[in-house]
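Report on one structure; see the data block that follows.
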Amino acid sequence: MKAQDSVKNFFPTLRMYTNFAVRTIKKVCAEIGPREAGTQAELDAQNFMAAQVGDAADEVRQEEFSLSPRAFLGWPRISGILLLIALVCGLINLFVTREQNWAPWVFVCISVFMLAMIMTEFLFYSKFLDPFFPKAISHNTYCVRKASGETKRRIIIGGHSDSSIEWRPTHMGGNKFLFFTIIYPIVGWIFTFVMGVIMLVKGEFMPVLVWIDCAFIPGYVFLLFFMNYKICIDGANDNLTGCMTAGAILKFMGDNDIRFENTEVVALFSGAEESGLRGAKASAKLHPEFKDPNVETVFIALDTMKDYDDMALYLRDMSGVVGHDKRAVELLHTAGEQAGLDIERVTMFAGASDAAAMSQAGVPAALFAAMNPGPPRYYHTRDDKADILEPKTIEKCLEVTLNAVFLFDEQGLKAQYEYDK
């Protein structure tokens, strides 16, 4: 049975649950507000959304995990400090200890440390900096609609409940300014390493290179102010839309007395995605049953259902390092075809989603998002408010995801799906 055959007047009903999702998002933004990872507001939002799902969930489970919320994006400020320290050392070597050649070692060591920090934190989302930052407790909340019989399949629809600290570059100048403020100091970082190597190879201190490095001072300084810690955003689109699309699916099933015989449906409101996918990583670690060969499980991450023309399925995630399950991607693509869409399959060139954490852990997963990869002006800024929600996009994403749930119940994970066109 297809999703549209599950109830009479499917499309008006779909609109009703879209409105349910939008109303809930607006209430979370108005009554709870910003939700930095590891705060009471993040937990309050999860509890509120689970309450809206109501009796459609046979069980609501909650688990906690420890994290350092500000470690993941601590690297811009640390990088700015280190690059300025390297430059100051070069100037001291130039004006105070002219007869010595010690600063190049500082250039190289700082550059190598930064490489390790950025590779582990940003590229692989590991806990390189966590020991140096304050700890907090975050949560994952699972709303579970059980199978009526033996559970042979499980589909988890996940959205993250936390919202981001504001990124100043995106707010001040959009994507072009964002890339400039990242690339400019990165060039300076590479130059710092290269000049250190050149001086060590030549065995002499070269003042002209230090003077050239001074040209990158504005970039280094701006890294110190990359994050605006005074503002945590509402995150209406990123990612209450993902949470409440998942919640609306369970609500739809509960209100219309739809229960699969052998498939369990889970809406997951994860914590701390903006702090390095910590919630999804914890979920994969705490639930080995997600990899139980006797219960076929798939995780579908929904993120930022905003820009209709930019709907995409992500074949690769975590800046292209992690590949998703091709069958899970095909499940969503076929569900899109059932909804009259040919959703583009793409690679995430920068950043990551909760699906990447699940794929890393060996859980079949895929990401479905609808966000301009530019990124858009509202991305991680105070502009991401409920008044810019796009119900049309949320409704279509809800339809596609509902189709995927019904298709998975009937056919599981397959390389190719069959359906009546």
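Identifiers for the structure tokens are assigned positionally: chains receive A, B, ... in sequence, residues are indexed from 1 per chain, and ligands are indexed from 1 in the order shown.
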Write out as a PyMOL selection string each polymer residue whose atoms come within 12 Å of Asp162 (chain A), counting only C-alpha atoms; drop sequence neighbours fewer than 3 positions from it.
chain A and resi 28-29+32-46+69+138-140+159+165+232-243+269-279+303+380
Give one line per residue of region 218-325 of chain A that approaches region 3-14 of chain A to at most 12 Å, naming the two atoms of the closest pair and their distance in Å to one decimal, counting only C-alpha atoms; sort by chain then ascending residue number and deliver it as a tab-separated table.
```
residue	atom	partner	partner_atom	distance
A:Thr245	CA	A:Leu14	CA	11.1
A:Ala248	CA	A:Leu14	CA	9.3
A:Ile249	CA	A:Leu14	CA	9.7
A:Lys251	CA	A:Leu14	CA	11.1
A:Phe252	CA	A:Leu14	CA	8.3
A:Met253	CA	A:Ser6	CA	9.3
A:Asp255	CA	A:Val7	CA	10.6
A:Asn256	CA	A:Val7	CA	7.3
A:Asp257	CA	A:Val7	CA	9.8
A:Ile258	CA	A:Ser6	CA	7.9
A:Arg259	CA	A:Ser6	CA	10.8
A:Phe260	CA	A:Ser6	CA	11.5
```
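Coordinates place CA of Val405 (chain A) at a distance of 17.4 Å from CA of Glu150 (chain A).
Counting only C-alpha atoms, the residue from A:Leu286, A:Ala404, A:Leu315, A:Leu178 that sits nearest to Arg377 (chain A) is A:Leu178.
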I'd like the contact shell of Leu407 (chain A) - 10 Å cut-off, only C-alpha atoms, skipping same-chain residues fewer than 6 positions apart - returned as a PyMOL selection string.
chain A and resi 1-3+331-332+334-335+338+401+413+417-419
Please, could you write that set of residues out with C-alpha atoms as a tab-separated table (two decimals), in the first residue's frame?
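To be explicit, this is the file written out as selection05.tsv:
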```tsv
chain	number	residue	atom	x	y	z
A	1	MET	CA	0.00	0.00	0.00
A	2	LYS	CA	1.26	3.46	-0.91
A	3	ALA	CA	1.03	6.33	1.52
A	331	LEU	CA	14.40	4.26	-1.06
A	332	LEU	CA	14.05	8.02	-0.76
A	334	THR	CA	11.74	6.14	-5.32
A	335	ALA	CA	9.56	7.78	-2.66
A	338	GLN	CA	5.93	8.50	-6.14
A	401	THR	CA	9.17	10.71	3.71
A	413	LEU	CA	16.04	-1.96	1.68
A	417	TYR	CA	12.20	-0.63	-6.00
A	418	GLU	CA	9.03	-1.61	-7.79
A	419	TYR	CA	5.86	0.42	-7.54
```
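When only C-alpha atoms are used to compute distances to Asp354 (chain A), the closest of the residues A:Tyr125, A:Phe113, A:Trp211, A:Phe133 turns out to be A:Tyr125.
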